[in-house]
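What's in model23.cif: mmCIF, C-alpha atoms and all ligand atoms
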data_input
#
loop_
_atom_site.label_atom_id
_atom_site.label_comp_id
_atom_site.auth_asym_id
_atom_site.auth_seq_id
_atom_site.Cartn_x
_atom_site.Cartn_y
_atom_site.Cartn_z
CA MET B 533 13.47 -43.25 15.47
CA ALA B 534 13.53 -39.46 15.65
CA LYS B 535 16.80 -37.60 15.96
CA ILE B 536 16.37 -34.75 18.41
CA PHE B 537 18.20 -31.44 18.07
CA CYS B 538 18.24 -28.34 20.23
CA VAL B 539 18.73 -25.02 18.51
CA ALA B 540 20.52 -23.15 21.26
CA ASN B 541 22.62 -20.09 21.98
CA GLN B 542 22.16 -18.17 25.20
CA LYS B 543 22.26 -14.88 23.32
CA GLY B 544 18.97 -13.41 22.12
CA GLY B 545 18.37 -12.31 18.55
CA VAL B 546 21.04 -14.55 17.02
CA GLY B 547 18.65 -16.47 14.77
CA LYS B 548 17.59 -19.48 16.85
CA THR B 549 13.92 -19.28 16.02
CA THR B 550 14.53 -18.44 12.37
CA THR B 551 16.81 -21.47 12.16
CA THR B 552 14.32 -23.76 13.92
CA VAL B 553 11.29 -22.98 11.78
CA ASN B 554 13.18 -22.80 8.48
CA LEU B 555 15.18 -25.94 9.09
CA ALA B 556 11.90 -27.65 10.01
CA ALA B 557 10.21 -26.41 6.84
CA GLY B 558 13.26 -27.38 4.77
CA LEU B 559 13.28 -30.88 6.28
CA ALA B 560 9.55 -31.23 5.62
CA LYS B 561 10.16 -30.17 2.04
CA VAL B 562 12.67 -32.97 1.51
CA GLY B 563 10.23 -35.52 2.90
CA GLN B 564 11.12 -35.71 6.60
CA ARG B 565 8.53 -35.95 9.38
CA VAL B 566 9.22 -33.08 11.76
CA LEU B 567 8.08 -31.90 15.19
CA VAL B 568 9.06 -28.42 16.40
CA VAL B 569 9.07 -27.96 20.18
CA ASP B 570 8.87 -24.33 21.26
CA LEU B 571 10.69 -24.00 24.59
CA ASP B 572 10.68 -20.19 24.62
CA PRO B 573 7.83 -18.45 26.50
CA GLN B 574 7.89 -15.78 23.78
CA GLY B 575 6.26 -18.37 21.51
CA ASN B 576 7.95 -17.04 18.38
CA ALA B 577 8.50 -20.47 16.85
CA THR B 578 4.83 -21.25 17.46
CA MET B 579 3.59 -18.05 15.76
CA GLY B 580 6.24 -18.33 13.03
CA SER B 581 4.88 -21.78 12.18
CA GLY B 582 1.36 -20.44 11.74
CA ILE B 583 -0.05 -21.55 15.11
CA ASP B 584 -1.72 -18.84 17.21
CA LYS B 585 -0.15 -19.06 20.67
CA ARG B 586 -3.02 -17.06 22.24
CA THR B 587 -5.66 -19.66 21.44
CA LEU B 588 -3.70 -22.79 22.41
CA GLU B 589 -5.36 -24.84 25.11
CA LEU B 590 -2.44 -27.19 25.62
CA THR B 591 1.21 -26.28 25.23
CA VAL B 592 4.66 -27.58 26.13
CA TYR B 593 3.97 -26.17 29.60
CA ASP B 594 1.28 -28.81 30.21
CA VAL B 595 3.65 -31.47 28.90
CA LEU B 596 6.46 -30.38 31.26
CA LEU B 597 4.06 -30.46 34.21
CA GLU B 598 2.83 -33.88 33.08
CA SER B 599 -0.80 -32.86 32.67
CA SER B 600 -0.73 -33.60 28.93
CA SER B 601 1.05 -35.86 26.47
CA VAL B 602 2.87 -34.58 23.38
CA ALA B 603 0.31 -36.35 21.18
CA GLU B 604 -2.53 -34.43 22.85
CA ALA B 605 -0.83 -31.05 22.92
CA LYS B 606 0.79 -30.91 19.48
CA GLN B 607 -0.77 -29.06 16.56
CA HIS B 608 -0.27 -29.70 12.87
CA SER B 609 0.67 -26.69 10.77
CA GLU B 610 -0.71 -27.36 7.31
CA LYS B 611 1.06 -24.37 5.82
CA ALA B 612 4.47 -25.06 7.36
CA GLY B 613 4.28 -28.81 6.78
CA TYR B 614 5.21 -30.02 10.26
CA ASP B 615 3.85 -30.50 13.78
CA VAL B 616 4.33 -27.97 16.58
CA LEU B 617 4.32 -28.39 20.33
CA GLY B 618 3.58 -24.75 21.07
CA ALA B 619 4.44 -22.33 23.82
CA ASN B 620 3.11 -19.09 25.21
CA ARG B 621 3.68 -16.84 28.23
CA GLU B 622 2.42 -19.51 30.59
CA LEU B 623 5.70 -21.35 30.04
CA ALA B 624 7.59 -18.66 31.94
CA GLY B 625 6.02 -20.05 35.13
CA ALA B 626 7.27 -23.57 34.49
CA GLU B 627 10.76 -22.65 35.59
CA VAL B 628 9.56 -21.94 39.14
CA GLU B 629 6.97 -24.71 39.26
CA LEU B 630 9.49 -27.35 38.24
CA VAL B 631 11.95 -26.44 41.01
CA SER B 632 10.20 -28.56 43.62
CA GLN B 633 9.45 -31.48 41.32
CA GLU B 634 11.25 -34.75 40.74
CA ARG B 635 13.17 -35.50 37.54
CA ARG B 636 12.56 -31.90 36.61
CA GLU B 637 15.26 -31.75 33.94
CA ARG B 638 14.02 -34.95 32.27
CA ARG B 639 10.37 -34.09 31.74
CA LEU B 640 10.66 -33.34 28.05
CA LYS B 641 12.81 -36.40 27.41
CA THR B 642 10.21 -38.68 28.98
CA ALA B 643 7.38 -37.03 27.07
CA LEU B 644 9.15 -37.17 23.71
CA SER B 645 10.04 -40.83 24.04
CA ALA B 646 6.34 -41.61 23.50
CA VAL B 647 6.38 -40.05 20.01
CA LYS B 648 9.88 -40.96 18.85
CA ASP B 649 8.60 -43.25 16.11
CA ASP B 650 6.25 -40.62 14.69
CA TYR B 651 9.02 -38.31 13.49
CA ASP B 652 12.38 -38.29 11.74
CA PHE B 653 13.43 -35.02 13.36
CA VAL B 654 12.46 -33.16 16.52
CA LEU B 655 13.77 -29.58 16.63
CA ILE B 656 13.70 -27.73 19.94
CA ASP B 657 13.76 -23.93 19.88
CA CYS B 658 15.49 -22.92 23.12
CA PRO B 659 15.06 -19.66 25.05
CA PRO B 660 18.00 -17.22 25.24
CA SER B 661 19.29 -18.54 28.57
CA LEU B 662 20.87 -21.61 30.11
CA SER B 663 17.80 -22.23 32.28
CA MET B 664 15.78 -25.25 33.41
CA LEU B 665 13.88 -25.03 30.13
CA THR B 666 17.06 -25.18 28.06
CA LEU B 667 18.31 -27.97 30.33
CA ASN B 668 15.17 -29.98 29.52
CA GLY B 669 15.98 -29.55 25.84
CA LEU B 670 19.64 -30.52 26.25
CA CYS B 671 18.72 -33.58 28.31
CA CYS B 672 16.76 -35.16 25.49
CA ALA B 673 18.83 -34.08 22.48
CA HIS B 674 21.28 -36.05 20.36
CA GLY B 675 22.84 -32.84 19.20
CA VAL B 676 22.90 -29.07 19.45
CA VAL B 677 22.74 -26.75 16.47
CA VAL B 678 24.29 -23.39 17.37
CA PRO B 679 23.33 -20.50 15.13
CA MET B 680 25.76 -17.63 15.29
CA GLN B 681 26.48 -14.35 13.63
CA CYS B 682 30.05 -13.83 12.52
CA GLU B 683 30.65 -10.83 14.74
CA TYR B 684 33.39 -9.77 17.06
CA PHE B 685 31.88 -11.10 20.32
CA ALA B 686 30.45 -14.28 18.81
CA LEU B 687 33.20 -16.56 20.08
CA GLU B 688 33.12 -15.10 23.57
CA GLY B 689 29.54 -16.18 24.30
CA LEU B 690 30.20 -19.59 22.86
CA SER B 691 32.41 -20.81 25.70
CA ASP B 692 29.56 -20.69 28.27
CA LEU B 693 27.38 -22.76 25.98
CA VAL B 694 30.18 -25.22 25.25
CA ASN B 695 30.81 -25.64 29.01
CA THR B 696 27.12 -26.22 29.72
CA ILE B 697 26.96 -28.81 26.96
CA LYS B 698 30.05 -30.55 28.40
CA GLN B 699 28.44 -30.68 31.85
CA VAL B 700 25.15 -32.03 30.53
CA HIS B 701 27.10 -34.57 28.49
CA ALA B 702 29.03 -35.72 31.58
CA ASN B 703 26.16 -35.77 34.07
CA LEU B 704 22.82 -36.10 32.37
CA ASN B 705 22.98 -37.03 28.70
CA PRO B 706 25.96 -38.96 27.29
CA ASP B 707 24.46 -38.72 23.77
CA LEU B 708 24.75 -34.95 23.65
CA GLN B 709 27.19 -33.31 21.26
CA ILE B 710 27.45 -30.09 19.32
CA ILE B 711 26.44 -31.23 15.88
CA GLY B 712 27.42 -27.96 14.40
CA LEU B 713 27.81 -24.23 14.29
CA LEU B 714 25.64 -22.53 11.72
CA ARG B 715 26.75 -19.19 10.34
CA VAL B 716 23.62 -17.04 10.00
CA MET B 717 22.74 -13.52 8.82
CA PHE B 718 25.97 -13.66 6.88
CA ASP B 719 27.00 -10.76 4.66
CA PRO B 720 30.02 -11.69 2.52
CA ARG B 721 30.71 -8.01 1.75
CA ILE B 722 31.70 -7.38 5.36
CA THR B 723 35.39 -8.11 5.90
CA LEU B 724 35.02 -8.74 9.63
CA GLN B 725 32.37 -11.40 9.02
CA ASN B 726 34.70 -13.23 6.65
CA GLN B 727 37.50 -13.05 9.22
CA VAL B 728 35.32 -14.39 12.04
CA SER B 729 34.02 -17.10 9.71
CA ASP B 730 37.61 -18.18 8.96
CA GLN B 731 38.42 -18.13 12.69
CA LEU B 732 35.42 -20.34 13.39
CA LYS B 733 36.52 -22.84 10.77
CA SER B 734 40.10 -23.01 11.99
CA HIS B 735 38.92 -23.36 15.60
CA PHE B 736 36.02 -25.76 15.17
CA GLY B 737 36.84 -27.49 11.86
CA ASP B 738 34.16 -29.99 10.82
CA LYS B 739 31.83 -28.69 13.49
CA VAL B 740 31.08 -25.69 11.29
CA PHE B 741 28.29 -26.50 8.84
CA ASP B 742 29.16 -26.04 5.16
CA THR B 743 25.92 -24.19 4.53
CA VAL B 744 25.94 -20.47 5.27
CA ILE B 745 22.65 -18.62 5.81
CA PRO B 746 22.78 -15.16 4.21
CA ARG B 747 21.18 -12.05 5.64
CA ASN B 748 17.94 -11.97 3.69
CA VAL B 749 14.98 -9.69 4.28
CA ARG B 750 12.44 -12.32 3.18
CA LEU B 751 13.43 -14.48 6.15
CA ALA B 752 12.75 -11.53 8.46
CA GLU B 753 9.40 -10.70 6.82
CA ALA B 754 8.02 -14.24 6.91
CA PRO B 755 7.05 -14.44 10.63
CA SER B 756 4.57 -11.59 10.28
CA TYR B 757 2.70 -13.81 7.81
CA GLY B 758 2.84 -16.75 10.21
CA LEU B 759 5.10 -18.68 7.85
CA PRO B 760 8.68 -19.96 7.79
CA GLY B 761 10.70 -18.10 5.12
CA VAL B 762 11.15 -21.39 3.26
CA VAL B 763 7.38 -21.46 2.66
CA PHE B 764 6.76 -17.70 2.44
CA ASP B 765 9.14 -17.16 -0.48
CA SER B 766 10.73 -20.39 -1.58
CA SER B 767 12.72 -18.66 -4.33
CA SER B 768 14.52 -16.28 -1.94
CA LYS B 769 18.21 -16.73 -1.21
CA GLY B 770 17.44 -17.32 2.47
CA ALA B 771 14.88 -20.03 1.75
CA GLN B 772 17.22 -21.78 -0.67
CA ALA B 773 20.01 -21.75 1.91
CA PHE B 774 17.76 -23.33 4.54
CA VAL B 775 16.65 -26.10 2.17
CA GLU B 776 20.34 -26.74 1.45
CA PHE B 777 20.96 -26.77 5.20
CA ALA B 778 18.16 -29.31 5.65
CA ARG B 779 19.89 -31.57 3.13
CA GLU B 780 23.19 -31.14 4.98
CA MET B 781 21.49 -32.11 8.25
CA VAL B 782 20.01 -35.24 6.68
CA ARG B 783 23.51 -36.20 5.48
CA ARG B 784 25.09 -35.54 8.87
CA VAL B 785 22.43 -37.50 10.70
CA GLY B 786 22.96 -40.39 8.32
CA SER B 787 26.56 -40.59 9.52
CA MET B 788 25.85 -40.08 13.23
P1 LIG L 801 16.46 -15.64 18.37
O1 LIG L 801 15.43 -16.70 18.28
O2 LIG L 801 17.84 -16.18 18.58
O3 LIG L 801 16.11 -14.58 19.38
P2 LIG L 801 15.45 -14.77 15.79
O4 LIG L 801 15.45 -15.98 14.94
O5 LIG L 801 14.15 -14.34 16.37
O6 LIG L 801 16.54 -14.91 16.94
O7 LIG L 801 16.12 -13.60 14.91
C1 LIG L 801 16.28 -12.29 15.42
C2 LIG L 801 15.87 -11.29 14.34
O8 LIG L 801 16.70 -11.41 13.21
C3 LIG L 801 14.45 -11.51 13.84
O9 LIG L 801 13.85 -10.27 13.59
C4 LIG L 801 14.65 -12.29 12.54
O10 LIG L 801 13.60 -12.08 11.63
C5 LIG L 801 15.95 -11.70 12.03
N1 LIG L 801 16.71 -12.67 11.23
C6 LIG L 801 17.12 -13.90 11.61
N2 LIG L 801 17.83 -14.51 10.64
C7 LIG L 801 17.87 -13.63 9.60
C8 LIG L 801 18.49 -13.64 8.30
N3 LIG L 801 19.20 -14.71 7.87
N4 LIG L 801 18.33 -12.55 7.51
C9 LIG L 801 17.65 -11.48 7.96
N5 LIG L 801 17.06 -11.40 9.16
C10 LIG L 801 17.16 -12.45 9.99
MG MG L 802 13.76 -17.04 19.51
#
Would you mind writing the file out in structure tokens?
Amino acid sequence: MAKIFCVANQKGGVGKTTTTVNLAAGLAKVGQRVLVVDLDPQGNATMGSGIDKRTLELTVYDVLLESSSVAEAKQHSEKAGYDVLGANRELAGAEVELVSQERRERRLKTALSAVKDDYDFVLIDCPPSLSMLTLNGLCCAHGVVVPMQCEYFALEGLSDLVNTIKQVHANLNPDLQIIGLLRVMFDPRITLQNQVSDQLKSHFGDKVFDTVIPRNVRLAEAPSYGLPGVVFDSSSKGAQAFVEFAREMVRRVGSM
């Protein structure tokens, strides 16, 4: 049965999408069956997996509004090595359209339960907000992966996310937990980043993943080729770190 993870952080530009597509590609590389769900209307995870969001007839939007199943709407990305339930601008409307509907925060959970035996991992790329879309992701997840940069304000933003996760855990999804904080775009030459990294470890202990993702230009270049960095340049430091992270996730899930 698939383990479902949200990649979430309400800040934009912190590396959620990069983490989602590269963790997915890393997991595929070590033999796992993976579905990426793009819950961001920007559709970056869709494009970054080699699926053209502009030509999609069915997306996660149709799934949330119950006019399509996941099996019908998903695409297979040959190049990336995993399946994608894509998103595009249309998804921005879902927020408003769901307001008047029943079980609105559980739509994705219901839809994913039909494909749970088809995958080992489902990774949900969340938008940079704590919105109804993110709530749909948190409602169906076993865990949250929180990518963060080791910068001065990093810890400040974290408390809102931690509180939201606590509330969802208490009211909607007792399975939900933070599986881990992932240090991304890390530059070991910067003293402040090392200090924040140490703070994170002393504050969150085991919840900080061992793997650290370095700042690596190949990871940033890959989306313009419609590929995860892990596939675009598998020998790059960034790609190697994400494959290592995939292995760490497999180990953690084994002990969940
Ligand atoms: P989010 O999804 O949280 O908005 P992205 O994953 O889109 O963040 O990352 C924001 C920007 O940072 C993108 O341009 C991405 O290519 C770049 N980026 C992310 N991770 C790395 C990294 N480890 N090294 C270099 N650039 C990165
Ligand atoms: Mg993103």
Would you mind listing, for every residue of chain B within 12 Å of ligand MG 802 (chain L), the two atoms forming the shortest contact and the distance between them in Å to one decimal, using only C-alpha atoms and all ligand atoms, sorted by chain and ascending residue number, as CSV?
residue,atom,partner,partner_atom,distance
B:Val539,CA,L:MG802,MG,9.5
B:Ala540,CA,L:MG802,MG,9.3
B:Asn541,CA,L:MG802,MG,9.7
B:Gln542,CA,L:MG802,MG,10.2
B:Lys543,CA,L:MG802,MG,9.6
B:Gly544,CA,L:MG802,MG,6.9
B:Gly545,CA,L:MG802,MG,6.7
B:Val546,CA,L:MG802,MG,8.1
B:Gly547,CA,L:MG802,MG,6.8
B:Lys548,CA,L:MG802,MG,5.3
B:Thr549,CA,L:MG802,MG,4.2
B:Thr550,CA,L:MG802,MG,7.3
B:Thr551,CA,L:MG802,MG,9.1
B:Thr552,CA,L:MG802,MG,8.8
B:Val553,CA,L:MG802,MG,10.1
B:Val569,CA,L:MG802,MG,11.9
B:Asp570,CA,L:MG802,MG,9.0
B:Leu571,CA,L:MG802,MG,9.1
B:Asp572,CA,L:MG802,MG,6.7
B:Pro573,CA,L:MG802,MG,9.3
B:Gln574,CA,L:MG802,MG,7.4
B:Gly575,CA,L:MG802,MG,7.9
B:Asn576,CA,L:MG802,MG,5.9
B:Ala577,CA,L:MG802,MG,6.8
B:Thr578,CA,L:MG802,MG,10.1
B:Met579,CA,L:MG802,MG,10.9
B:Gly580,CA,L:MG802,MG,10.0
B:Ala619,CA,L:MG802,MG,11.6
B:Ile656,CA,L:MG802,MG,10.7
B:Asp657,CA,L:MG802,MG,6.9
B:Cys658,CA,L:MG802,MG,7.1
B:Pro659,CA,L:MG802,MG,6.3
B:Pro660,CA,L:MG802,MG,7.1
B:Ser661,CA,L:MG802,MG,10.7
B:Pro679,CA,L:MG802,MG,11.1
B:Pro755,CA,L:MG802,MG,11.4
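Reported to one decimal place, the separation of CA of Leu667 (chain B) from CA of Thr696 (chain B) is 9.0 Å.
One finds CA of Asn695 (chain B) at 10.8 Å from CA of Leu662 (chain B).
Using all atoms listed in the file, the contacts of Glu598 (chain B) at a cut-off of 10 Å, with sequence neighbours closer than 6 positions omitted, comprise Val592, Arg639, Leu640, Thr642 and Ala643 of chain B.
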Can you tell me, as lines of an AutoDock Vina configuration file, the centre and edge lengths (Å, one decimal) of the axis-aligned box enclosing all of region 592-608 of chain B's listed atoms after padding each side by 3 Å?
center_x = 2.0
center_y = -31.3
center_z = 23.5
size_x = 15.0
size_y = 16.2
size_z = 27.3
> Between CA of Ser645 (chain B) and CA of Ser601 (chain B), what is the distance, to one decimal in Å?
Replying inline: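 Separation of CA of Ser645 (chain B) and CA of Ser601 (chain B): 10.6 Å.
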Residues of region 590-666 of chain B that have any atom at most 12 Å from an atom of region 699-702 of chain B: could you tabulate them with the shortest-distance atom pair and the distance in Å to one decimal, using all atoms listed in the file, ordered by chain and increasing number, as a Markdown table?
| residue | atom | partner | partner_atom | distance |
| --- | --- | --- | --- | --- |
| B:Glu637 | CA | B:Val700 | CA | 10.5 |
| B:Arg638 | CA | B:Val700 | CA | 11.6 |
| B:Leu662 | CA | B:Val700 | CA | 11.3 |
| B:Met664 | CA | B:Val700 | CA | 11.9 |
| B:Thr666 | CA | B:Val700 | CA | 10.9 |
>> Which residues are close to Arg747 (chain B), i.e. within 7 Å by all atoms listed in the file, leaving aside same-chain residues fewer than 5 positions away? Reply as a PyMOL selection string.
In response: chain B and resi 717-719
>> Could you check the closest approach to ligand LIG 801 (chain L) for each of B:Ala773, B:Ile711, B:Leu644, B:Ala605 and tell me which residue wins, using all atoms listed in the file?
In response: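 With all atoms listed in the file as the atom set, the closest residue is B:Ala773.
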With a distance cut-off of 8 Å and only C-alpha atoms, select the neighbouring residues of region 625-633 of chain B, excluding the residue or stretch itself and same-chain residues fewer than 6 positions from it, and output the selection as a tab-separated table (two decimals) with C-alpha atoms, keeping the file's coordinate frame.
chain	number	residue	atom	x	y	z
B	593	TYR	CA	3.97	-26.17	29.60
B	596	LEU	CA	6.46	-30.38	31.26
B	597	LEU	CA	4.06	-30.46	34.21
B	663	SER	CA	17.80	-22.23	32.28
B	664	MET	CA	15.78	-25.25	33.41
B	665	LEU	CA	13.88	-25.03	30.13
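The smallest atom-to-atom distance between ligand LIG 801 (chain L) and any of B:Leu724, B:Ile710, B:Val678, B:Ile745, using only C-alpha atoms and all ligand atoms, is found for B:Ile745.
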> Which residue, B:Cys672, B:Val775, B:Val568, B:Ala624, has the smallest gap to Lys606 (chain B) when you use all atoms listed in the file?
Replying inline: B:Val568
> Of the residues B:Ser756, B:Ser729, B:Ser766, B:Asn748, which is the one nearest to ligand LIG 801 (chain L), using all atoms listed in the file?
Replying inline: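 Result for the nearest residue to ligand LIG 801 (chain L): B:Asn748.
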> When distances are computed from all atoms listed in the file, which of B:Glu688, B:Asp707, B:Glu780, B:Asp649 shows the smallest separation from Val676 (chain B)?
Replying inline: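 Closest to Val676 (chain B) of all the choices is B:Asp707.
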>> Could you check the closest approach to ligand LIG 801 (chain L) for each of B:Arg721, B:Lys641, B:Arg715, B:Lys733 and tell me which residue wins, using all atoms listed in the file?
In response: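 Closest residue, counting all atoms listed in the file: B:Arg715.
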>> Show me, as a list in words, the residues that have an atom within 9 Å of Ala771 (chain B) when counting only C-alpha atoms, minus same-chain residues fewer than 2 positions from it.
In response: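 Near Ala771 (chain B), the qualifying residues are Asn554, Gly558, Ile745, Asn748, Arg750, Leu751, Pro760, Gly761, Val762, Val763, Phe764, Asp765, Ser766, Ser767, Ser768, Lys769, Ala773, Phe774, Val775 and Glu776 of chain B.
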Write the residues of the selection above to a file with C-alpha atoms, as a PDB file, in the frame of the given file.
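Result file follows (selection-v4.pdb):
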ATOM      1  CA  ASN B 554      13.180 -22.800   8.480  1.00  0.00           C
ATOM      2  CA  GLY B 558      13.260 -27.380   4.770  1.00  0.00           C
ATOM      3  CA  ILE B 745      22.650 -18.620   5.810  1.00  0.00           C
ATOM      4  CA  ASN B 748      17.940 -11.970   3.690  1.00  0.00           C
ATOM      5  CA  ARG B 750      12.440 -12.320   3.180  1.00  0.00           C
ATOM      6  CA  LEU B 751      13.430 -14.480   6.150  1.00  0.00           C
ATOM      7  CA  PRO B 760       8.680 -19.960   7.790  1.00  0.00           C
ATOM      8  CA  GLY B 761      10.700 -18.100   5.120  1.00  0.00           C
ATOM      9  CA  VAL B 762      11.150 -21.390   3.260  1.00  0.00           C
ATOM     10  CA  VAL B 763       7.380 -21.460   2.660  1.00  0.00           C
ATOM     11  CA  PHE B 764       6.760 -17.700   2.440  1.00  0.00           C
ATOM     12  CA  ASP B 765       9.140 -17.160  -0.480  1.00  0.00           C
ATOM     13  CA  SER B 766      10.730 -20.390  -1.580  1.00  0.00           C
ATOM     14  CA  SER B 767      12.720 -18.660  -4.330  1.00  0.00           C
ATOM     15  CA  SER B 768      14.520 -16.280  -1.940  1.00  0.00           C
ATOM     16  CA  LYS B 769      18.210 -16.730  -1.210  1.00  0.00           C
ATOM     17  CA  ALA B 773      20.010 -21.750   1.910  1.00  0.00           C
ATOM     18  CA  PHE B 774      17.760 -23.330   4.540  1.00  0.00           C
ATOM     19  CA  VAL B 775      16.650 -26.100   2.170  1.00  0.00           C
ATOM     20  CA  GLU B 776      20.340 -26.740   1.450  1.00  0.00           C
TER      21      GLU B 776
END
> So which residues are close to (30.1, -31.6, 23.7), meaning at most 7 Å away in the file's coordinates with only C-alpha atoms counted, and can you show them as a PyMOL selection string?
Replying inline: chain B and resi 694+697-698+701+708-710
>> as a list in words, please: the residues near Leu567 (chain B) (cut-off 7 Å, all atoms listed in the file, same-chain neighbours under 3 positions excluded).
In response: Tyr614, Asp615, Val616, Tyr651, Phe653, Val654 and Leu655 of chain B
Taking the structure in the block just given, could you write region 655-680 of chain B with C-alpha atoms, as a CSV table (one decimal), in the first residue's frame?
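Saved result, result_7.csv, follows:
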chain,number,residue,atom,x,y,z
B,655,LEU,CA,4.4,12.6,-3.3
B,656,ILE,CA,2.2,15.7,-3.2
B,657,ASP,CA,3.7,19.0,-4.2
B,658,CYS,CA,1.8,21.6,-2.2
B,659,PRO,CA,1.3,25.3,-3.1
B,660,PRO,CA,3.0,28.0,-1.0
B,661,SER,CA,0.0,28.5,1.3
B,662,LEU,CA,-2.0,26.8,3.9
B,663,SER,CA,-5.1,26.7,1.7
B,664,MET,CA,-7.9,24.2,0.9
B,665,LEU,CA,-5.6,22.7,-1.6
B,666,THR,CA,-2.8,22.1,0.9
B,667,LEU,CA,-5.5,20.9,3.4
B,668,ASN,CA,-6.5,18.3,0.8
B,669,GLY,CA,-2.9,17.1,0.7
B,670,LEU,CA,-2.5,17.0,4.5
B,671,CYS,CA,-5.8,15.1,4.9
B,672,CYS,CA,-4.5,12.1,2.9
B,673,ALA,CA,-0.9,12.1,3.9
B,674,HIS,CA,1.0,9.8,6.3
B,675,GLY,CA,3.7,12.4,6.6
B,676,VAL,CA,5.0,15.8,5.7
B,677,VAL,CA,8.4,16.5,4.2
B,678,VAL,CA,9.4,20.1,4.9
B,679,PRO,CA,12.2,21.4,2.7
B,680,MET,CA,13.9,24.4,4.2
